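What follows is a short report on a single structure.
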Amino acid sequence: MKETKKKNKIKKKSILPIKEKWLKNNTSRRDFLKLIGFSAASVTLSACKGPVIKSIPYVVKPDVITPGIPTYYASTMIDTFDLGSVLIKTREGRPIKIEPNLTSKYFNTTSARIQSSLLSLYDEKRLKNPFLKGKKSSWKEIDNYVVPFLEKISLLGKEIVIFSTSYPSFSTKELIRDFTKTYPTTRWITYDPISYSHSLDAAYNIFGVRAFPFFDLSKIELIISFDADFLGDWSPENLGKYYVKNKYPRKRMIKHIQIESNMTISGANSDIRIPKKPSDIKNILFEVYQTIFFQKESSNELVKMLTKLIKEKGSKSVVLADGSEEAYMLSFLINKKIDSQAIQEGKFILTKESNNNKIEEFIEDLEKNKIGGLLFHNTNPVYSLPFPLNKKFKKFLKRIPITISFSMKKDETNEFTDVLAPIPHWLESWGDTHPFTGFYTLIQPTIQSLFDTRQLQESLIIWGKIKEKNYYEYLKKIWKNKIIPKSNVSSFNEALFYGFAEKKENVKIKKIDLSNVQYLKNKKIERSEKNSFELRLYTKISMGDGFQYNNPWLQEMPDPITRTTWGNYLTISSYDAKKIGLKNWHTGNGSMNGNCVDLIKDHKILIKDLPIYIQPGQAIGSIGLSFGYGQKTGKISQIINKGKNAYTLYHNFYLVQKDIKIKKTDKIYEFACIQLQNTTVGRNLVKETDLETFLNKPKEIWNEEEKIYSHKGFLNPEDISIWDDNNKEKKGHHFHLSIDLNSCIGCGACIISCQSENNIPVVGKEEIKKSRDMHWLRVDRYYSSNKNKKEENLWINPKVSFQPIMCQHCNNAPCETVCPVGATTHGEQGQNMMTYNRCVGTRYCANNCPYKVRRFNWFNYVNNQNFDFHMNNNLGRMVLNPDVVIRTRGVMEKCSLCIQRTQFTISLAKKENRKIKNEEFETACSISCPTKAITFGDTTNEYNFITKKIKDKRNYKLLEFLGIRPNVSYQLKVRNLK
């Protein structure tokens, strides 16, 4: 009792010095538990209280924490490119998993990047304290240095510029208004590395609102996309979840036509894909517009077909376009003309505020010496500003009296600034967003700040002498006064609990008399220079704008289309590659190499030694390059090829750059590609049919059941088995995973979710080249050509299919019979089990697995300098899930159908003395799938949705003729070709 009282008398103090000391040393499990026992309560409680730091001894257990039981917090993930309404799973004060907040109406899906942002919290290269003139400093010293400067600048009448990426925070905008009262010359400039300015300007011209229109595709029957990768990053909110709502095969199933230059994820999922170079796409769009508005007859058969389809479907159609402001305006006008149901009246996405004109004005103001102070917030323009703006910017930046960088990590811009003010990760921060009309979200910390960081808002409150003592109090005041009174929540705490609030807001839409529209009535057809290429810049699913460049999860995530990892490259058609003499080839060790080229414009080399990837479906005359690579800071840039910086080619913020020439060099590039077999070689792995056949022909025609030949003739695989207890009555739960190939868009969110949940290591580029990837789940991509077409069509314009593959948990598992030590066994719940401590690494099971889903630990990936990723330091290992063991060298591992999650659900229901709900069972991949293509459940409940999926006539099992009876099934893909 005396010891307990003494511990309860511990004074309030920061736990930060203890953490810093702990992070620098090697830590045993015992030491880790001591630290958690000391700090977990305080860091977790900080998520739902103000920033008051308390040390609470773990002897007196706080109500909010139970060891071994996860605690979830609703919050909002936001960085320079992505935004999502999410739930944060924490264990003993550590965030370990990001999942979608399904109660949220908008932004309620988690992409690969949103989930991977968790790992950035535990990046050992994060800035840990402020710096002044390159030397370690303190916040007090920074404040004493900055405030006199700001006061002097304001008196002189020079501008104080806050230079930030789009940050749709309602409270922050209010705060900057209050800050401006103290410093009247303050101006906020929004700069996004990937500019949405063209679309926003077009929306303002057509709708009268400078915001991205919201497209609801759930009731649409015809989508015609002109180079808009709407299943990728075209829209600030991913449209995949709306797209698949009308993908269930029926008479009025959606028909998707994609006209594009690069092979994109949208093109891969389309029913009809038409490869064209960007200038041709723009011309086709002009002709479609002129036909619909001015009844101009076109000689182009494609234009005739598209306009005919649009007129037939009318308001059930939608036209999407990307590229220039003109392209956006044409698509918006067409949609208004046909009264498309996709455009929701008065609803806009507010997450992007890019303005190219203001950026150019800002550079001019720099040149004229009008700016006295420049505050960068979470942006790196020295890296991402396109040439020649970049050159001017760096030149004039040195003239500014005071420059401050609010950043989470060191970057190229930091080298030019006087003050380096480290900011916390979004998981350590308070905040809010206003991402959608009438929709507001909150950001709350789920862990105490790991380092000596401070939010931009806290600094503005101190420097602006605002009466609230901290940003939490300011945020709470703004919400209580301006958001909550007319919303669907009654208090700030209720909004914090759900993570969002909704209120009715009316947006006035500009009315246009479409009968008098004369816009581009006589537009001239565009032509590009002969013997040159049109370059289409794009964003990768994994990398986005490059903000998470130093995230190893994303670097090692295979690209859905090319299946490559760790770098970017120039995509080119096979036709153009042959003309120039460029090749990709397989090597003796099973990897792939390729030639490199120089990119040239106006006789100047823009990028040297850029590797080429010959991409099936790439439009002839076009090439593609992704953003986000080529950064010079962080651990990733030190251990791998940096890639090439595509922002240098982003002239005038246009995604299409014309008159580019390429020249072959002597350099050979080694790709880290995990799939070199591009076709199924005639095997019926990804079953598919067309809609007309599906609706009008019997199942035996388009989904023939596979039979096994025996002495009794051909039998159903379910009727034959070598096991005595094959027909034994099942007791308890029996789990099954179902994958709808019509809904799977290949986005890879499931891959990162699985990696986060199951402590899957990062192995690096060299190991990937040797096919030693460790992902438990892969999404195979297959190309195929239409029937009765030559094989060369596979390269010109292939059909694309995606198929997620994980352990199939076979009831008659071939891996189980060959294991000499019984390490792999079958559970009564249908899961194929792995006893890691028993495994001796014979790899017989991997050889006998027809799906090739078992992974072998060639090395210890933890505490190994050869794999210097997050598992090689104490901070990085804080992301590990304590419910899943770490596997060691020589051990085989694979998907467990998240047995730790299923058993937790069963235990929780038992503890609460209730039945398990119909959709309560989830795996990491199923809960993170944005399109709900992956579903999981208990087949013993005949009313369960998973049971209905198994009985669906589209259902089939992969390699079922082997008689191994997998517990994973697929729904056949149906294309609307009519």
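Each chain in the structure tokens gets a letter, A, B and so on, in the order shown; residues start at 1 in every chain, and ligands are counted from 1 in the order they appear.
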Closest pair table for region 237-325 of chain A residues within 12 Å of region 110-129 of chain A, only C-alpha atoms, as JSON lines:
{"residue": "A:Glu237", "atom": "CA", "partner": "A:Ser111", "partner_atom": "CA", "distance": 10.5}
{"residue": "A:Asn238", "atom": "CA", "partner": "A:Ser111", "partner_atom": "CA", "distance": 8.6}
{"residue": "A:Leu239", "atom": "CA", "partner": "A:Ser111", "partner_atom": "CA", "distance": 11.6}
{"residue": "A:Gly240", "atom": "CA", "partner": "A:Ser111", "partner_atom": "CA", "distance": 10.6}
{"residue": "A:Lys241", "atom": "CA", "partner": "A:Thr110", "partner_atom": "CA", "distance": 11.0}
Leaving out region 871-882 of chain A and any residue of its chain fewer than 4 positions from it, which residues lie within 9 Å of it when counting only C-alpha atoms, given as number ranges by chain?
A: 22-27, 68, 91, 94-97, 118-124, 756-759, 761-762, 861-865, 867, 886
From the list A:Leu175, A:Ile272, A:Ile760, A:Ile752, which residue is nearest Ser926 (chain A) when using only C-alpha atoms?
A:Ile752
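Each of A:Trp430, A:Phe671, A:Tyr647, A:Trp795 was compared to Trp566 (chain A) using only C-alpha atoms, and A:Phe671 turns out to be the nearest.
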Can you pull out the residues contacting region 137-140 of chain A? Cut-off 9 Å, using only C-alpha atoms, and skip same-chain residues under 4 positions away; I want them as a PDB file with N, CA and C atoms, in the first residue's frame.
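Writing done, so here's part_33.pdb:
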ATOM      1  N   ASN A 129      13.327  18.308 -33.045  1.00  0.00           N
ATOM      2  CA  ASN A 129      13.375  19.572 -32.300  1.00  0.00           C
ATOM      3  C   ASN A 129      13.571  20.720 -33.285  1.00  0.00           C
ATOM      4  N   PRO A 130      13.280  21.950 -32.859  1.00  0.00           N
ATOM      5  CA  PRO A 130      13.442  23.090 -33.776  1.00  0.00           C
ATOM      6  C   PRO A 130      14.910  23.439 -34.015  1.00  0.00           C
ATOM      7  N   PHE A 131      15.150  24.109 -35.153  1.00  0.00           N
ATOM      8  CA  PHE A 131      16.487  24.567 -35.505  1.00  0.00           C
ATOM      9  C   PHE A 131      16.425  26.037 -35.884  1.00  0.00           C
ATOM     10  N   LEU A 132      17.463  26.776 -35.510  1.00  0.00           N
ATOM     11  CA  LEU A 132      17.589  28.184 -35.865  1.00  0.00           C
ATOM     12  C   LEU A 132      18.944  28.387 -36.520  1.00  0.00           C
ATOM     13  N   ASN A 144      11.221  34.093 -29.545  1.00  0.00           N
ATOM     14  CA  ASN A 144      11.916  35.371 -29.327  1.00  0.00           C
ATOM     15  C   ASN A 144      12.567  35.890 -30.599  1.00  0.00           C
ATOM     16  N   TYR A 145      12.907  34.993 -31.499  1.00  0.00           N
ATOM     17  CA  TYR A 145      13.529  35.394 -32.765  1.00  0.00           C
ATOM     18  C   TYR A 145      12.476  35.822 -33.783  1.00  0.00           C
ATOM     19  N   ALA A 421      10.861  24.613 -38.050  1.00  0.00           N
ATOM     20  CA  ALA A 421       9.892  24.395 -36.974  1.00  0.00           C
ATOM     21  C   ALA A 421       9.212  23.052 -37.184  1.00  0.00           C
ATOM     22  N   ASP A 452       9.824  16.887 -29.763  1.00  0.00           N
ATOM     23  CA  ASP A 452       9.579  18.277 -29.380  1.00  0.00           C
ATOM     24  C   ASP A 452       9.066  19.057 -30.592  1.00  0.00           C
ATOM     25  N   THR A 453       7.820  18.787 -30.948  1.00  0.00           N
ATOM     26  CA  THR A 453       7.213  19.400 -32.130  1.00  0.00           C
ATOM     27  C   THR A 453       6.075  20.336 -31.719  1.00  0.00           C
ATOM     28  N   ARG A 454       5.637  21.168 -32.667  1.00  0.00           N
ATOM     29  CA  ARG A 454       4.534  22.091 -32.386  1.00  0.00           C
ATOM     30  C   ARG A 454       3.774  22.378 -33.676  1.00  0.00           C
TER      31      ARG A 454
END
As a VMD selection string, please: the residues near region 538-548 of chain A (cut-off 9 Å, only C-alpha atoms, same-chain neighbours under 4 positions excluded).
chain A and resid 79 to 82 111 to 113 116 to 117 120 192 to 194 232 to 233 262 265 379 to 380 384 552 to 560 568 624 to 629 631 655 747 to 748
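Excluding Asp418 (chain A) itself and same-chain residues fewer than 4 positions from it, the residues having an atom within 12 Å of it are Pro130, Phe131, Leu132, Lys133, Gly134, Lys135, Lys136, Ser137, Ile142, Tyr145, Val146, Phe149, Gly373, Leu374, Leu375, Phe376, Leu397, Lys398, Arg399, Ile400, Pro401, Ile402, Thr403, Ile404, Ser405, Phe406, Thr413 and Asn414 of chain A, counting only C-alpha atoms.
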Once you have the residues from the selection above, write them out as a PDB file, in the first residue's frame, restricted to N, CA and C atoms.
ATOM      1  N   PRO A 130      13.280  21.950 -32.859  1.00  0.00           N
ATOM      2  CA  PRO A 130      13.442  23.090 -33.776  1.00  0.00           C
ATOM      3  C   PRO A 130      14.910  23.439 -34.015  1.00  0.00           C
ATOM      4  N   PHE A 131      15.150  24.109 -35.153  1.00  0.00           N
ATOM      5  CA  PHE A 131      16.487  24.567 -35.505  1.00  0.00           C
ATOM      6  C   PHE A 131      16.425  26.037 -35.884  1.00  0.00           C
ATOM      7  N   LEU A 132      17.463  26.776 -35.510  1.00  0.00           N
ATOM      8  CA  LEU A 132      17.589  28.184 -35.865  1.00  0.00           C
ATOM      9  C   LEU A 132      18.944  28.387 -36.520  1.00  0.00           C
ATOM     10  N   LYS A 133      18.926  28.843 -37.763  1.00  0.00           N
ATOM     11  CA  LYS A 133      20.151  29.044 -38.536  1.00  0.00           C
ATOM     12  C   LYS A 133      21.012  27.772 -38.582  1.00  0.00           C
ATOM     13  N   GLY A 134      20.339  26.636 -38.673  1.00  0.00           N
ATOM     14  CA  GLY A 134      21.055  25.371 -38.789  1.00  0.00           C
ATOM     15  C   GLY A 134      21.496  24.749 -37.489  1.00  0.00           C
ATOM     16  N   LYS A 135      21.256  25.421 -36.358  1.00  0.00           N
ATOM     17  CA  LYS A 135      21.670  24.893 -35.051  1.00  0.00           C
ATOM     18  C   LYS A 135      20.453  24.510 -34.217  1.00  0.00           C
ATOM     19  N   LYS A 136      20.599  23.468 -33.414  1.00  0.00           N
ATOM     20  CA  LYS A 136      19.529  23.010 -32.548  1.00  0.00           C
ATOM     21  C   LYS A 136      19.088  24.132 -31.618  1.00  0.00           C
ATOM     22  N   SER A 137      17.787  24.293 -31.477  1.00  0.00           N
ATOM     23  CA  SER A 137      17.255  25.414 -30.707  1.00  0.00           C
ATOM     24  C   SER A 137      16.114  24.940 -29.821  1.00  0.00           C
ATOM     25  N   ILE A 142      13.029  30.285 -30.532  1.00  0.00           N
ATOM     26  CA  ILE A 142      12.380  30.521 -31.830  1.00  0.00           C
ATOM     27  C   ILE A 142      11.362  31.640 -31.726  1.00  0.00           C
ATOM     28  N   TYR A 145      12.907  34.993 -31.499  1.00  0.00           N
ATOM     29  CA  TYR A 145      13.529  35.394 -32.765  1.00  0.00           C
ATOM     30  C   TYR A 145      12.476  35.822 -33.783  1.00  0.00           C
ATOM     31  N   VAL A 146      11.357  35.097 -33.852  1.00  0.00           N
ATOM     32  CA  VAL A 146      10.369  35.307 -34.910  1.00  0.00           C
ATOM     33  C   VAL A 146       9.495  36.537 -34.666  1.00  0.00           C
ATOM     34  N   PHE A 149      10.659  39.992 -35.740  1.00  0.00           N
ATOM     35  CA  PHE A 149      10.714  40.042 -37.200  1.00  0.00           C
ATOM     36  C   PHE A 149       9.337  40.314 -37.783  1.00  0.00           C
ATOM     37  N   GLY A 373       8.349  38.108 -45.062  1.00  0.00           N
ATOM     38  CA  GLY A 373       8.407  36.870 -44.290  1.00  0.00           C
ATOM     39  C   GLY A 373       7.652  35.767 -44.999  1.00  0.00           C
ATOM     40  N   LEU A 374       8.225  34.568 -45.005  1.00  0.00           N
ATOM     41  CA  LEU A 374       7.614  33.452 -45.716  1.00  0.00           C
ATOM     42  C   LEU A 374       7.572  32.229 -44.795  1.00  0.00           C
ATOM     43  N   LEU A 375       6.344  31.739 -44.555  1.00  0.00           N
ATOM     44  CA  LEU A 375       6.137  30.589 -43.683  1.00  0.00           C
ATOM     45  C   LEU A 375       5.662  29.411 -44.531  1.00  0.00           C
ATOM     46  N   PHE A 376       6.521  28.419 -44.701  1.00  0.00           N
ATOM     47  CA  PHE A 376       6.138  27.213 -45.429  1.00  0.00           C
ATOM     48  C   PHE A 376       5.438  26.259 -44.474  1.00  0.00           C
ATOM     49  N   LEU A 397      14.309  33.466 -53.122  1.00  0.00           N
ATOM     50  CA  LEU A 397      14.031  33.022 -51.753  1.00  0.00           C
ATOM     51  C   LEU A 397      15.087  33.545 -50.782  1.00  0.00           C
ATOM     52  N   LYS A 398      16.310  33.672 -51.264  1.00  0.00           N
ATOM     53  CA  LYS A 398      17.412  34.106 -50.399  1.00  0.00           C
ATOM     54  C   LYS A 398      17.300  35.577 -49.991  1.00  0.00           C
ATOM     55  N   ARG A 399      16.469  36.337 -50.702  1.00  0.00           N
ATOM     56  CA  ARG A 399      16.315  37.765 -50.390  1.00  0.00           C
ATOM     57  C   ARG A 399      15.411  38.024 -49.188  1.00  0.00           C
ATOM     58  N   ILE A 400      14.554  37.075 -48.865  1.00  0.00           N
ATOM     59  CA  ILE A 400      13.524  37.297 -47.845  1.00  0.00           C
ATOM     60  C   ILE A 400      14.167  37.397 -46.460  1.00  0.00           C
ATOM     61  N   PRO A 401      13.818  38.397 -45.670  1.00  0.00           N
ATOM     62  CA  PRO A 401      14.434  38.587 -44.341  1.00  0.00           C
ATOM     63  C   PRO A 401      14.288  37.396 -43.407  1.00  0.00           C
ATOM     64  N   ILE A 402      13.092  36.772 -43.394  1.00  0.00           N
ATOM     65  CA  ILE A 402      12.905  35.604 -42.525  1.00  0.00           C
ATOM     66  C   ILE A 402      12.079  34.545 -43.236  1.00  0.00           C
ATOM     67  N   THR A 403      12.583  33.337 -43.217  1.00  0.00           N
ATOM     68  CA  THR A 403      11.868  32.198 -43.797  1.00  0.00           C
ATOM     69  C   THR A 403      11.760  31.104 -42.741  1.00  0.00           C
ATOM     70  N   ILE A 404      10.559  30.543 -42.632  1.00  0.00           N
ATOM     71  CA  ILE A 404      10.283  29.528 -41.617  1.00  0.00           C
ATOM     72  C   ILE A 404       9.659  28.317 -42.305  1.00  0.00           C
ATOM     73  N   SER A 405      10.156  27.142 -41.988  1.00  0.00           N
ATOM     74  CA  SER A 405       9.599  25.923 -42.568  1.00  0.00           C
ATOM     75  C   SER A 405       8.951  25.088 -41.478  1.00  0.00           C
ATOM     76  N   PHE A 406       7.626  24.940 -41.564  1.00  0.00           N
ATOM     77  CA  PHE A 406       6.893  24.028 -40.683  1.00  0.00           C
ATOM     78  C   PHE A 406       6.841  22.682 -41.400  1.00  0.00           C
ATOM     79  N   THR A 413      13.568  22.143 -49.377  1.00  0.00           N
ATOM     80  CA  THR A 413      13.229  23.528 -49.039  1.00  0.00           C
ATOM     81  C   THR A 413      13.864  23.955 -47.721  1.00  0.00           C
ATOM     82  N   ASN A 414      14.006  23.018 -46.790  1.00  0.00           N
ATOM     83  CA  ASN A 414      14.592  23.346 -45.487  1.00  0.00           C
ATOM     84  C   ASN A 414      15.978  23.976 -45.602  1.00  0.00           C
TER      85      ASN A 414
END
Could you go through region 143-327 of chain A and tell me which residues DSSP, when run on the backbone, assigns to strand (DSSP E), listing them as a PyMOL selection string?
chain A and resi 159-164+186-190+212-215+222-226+255-260+272-275+317-321
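Considering the residues A:Cys754, A:Ala228, A:Val853, A:Ile189 and counting only C-alpha atoms, Val884 (chain A) has its shortest atom-to-atom contact with A:Cys754.
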Quick one: residues within 9 Å of Phe212 (chain A), only C-alpha atoms counted, chain neighbours fewer than 4 positions away excluded, as a ChimeraX atom specification?
/A:196,199-200,203,235-236,348-352
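Backbone DSSP of region 578-671 of chain A yields helix (DSSP H, G or I) at A:Lys578, A:Lys579, A:Ile580, A:Lys635, A:Ile636, A:Ser637, A:Gln638, A:Ile639, A:Ala646, A:Tyr647, A:Thr648, A:Leu649, A:His651, A:Asn652, A:Phe653.
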At a cut-off of 9 Å, using only C-alpha atoms, what residues contact region 889-896 of chain A? Leave out same-chain residues fewer than 4 positions from it and give the result as a ChimeraX atom specification.
/A:754,758,774-777,806-809,831-834,836-843,845-846,853-861,900
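Between Ser407 (chain A) and the residues A:Ile423, A:Leu475, A:Ile274, A:Ala342, the shortest atom-to-atom distance, using only C-alpha atoms, involves A:Ile423.
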Counting only C-alpha atoms, which residue out of A:Ser154, A:Asn976, A:Asn589, A:Thr571 sits closest to Thr693 (chain A)?
A:Asn976
What is the CA of Ser75 (chain A)-CA of Arg210 (chain A) distance in Å, reported with one decimal?
26.7 Å
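Between CA of Ala933 (chain A) and CA of Ala909 (chain A) the separation is 26.3 Å.
Atom pair CA of Leu570 (chain A) / CA of His256 (chain A) has a distance of 26.9 Å (rounded to one decimal).
Remark: for Gly323 (chain A), the closest of the candidate residues A:Tyr970, A:Trp234, A:Phe362, A:Phe451 is A:Trp234 (distances computed over only C-alpha atoms).
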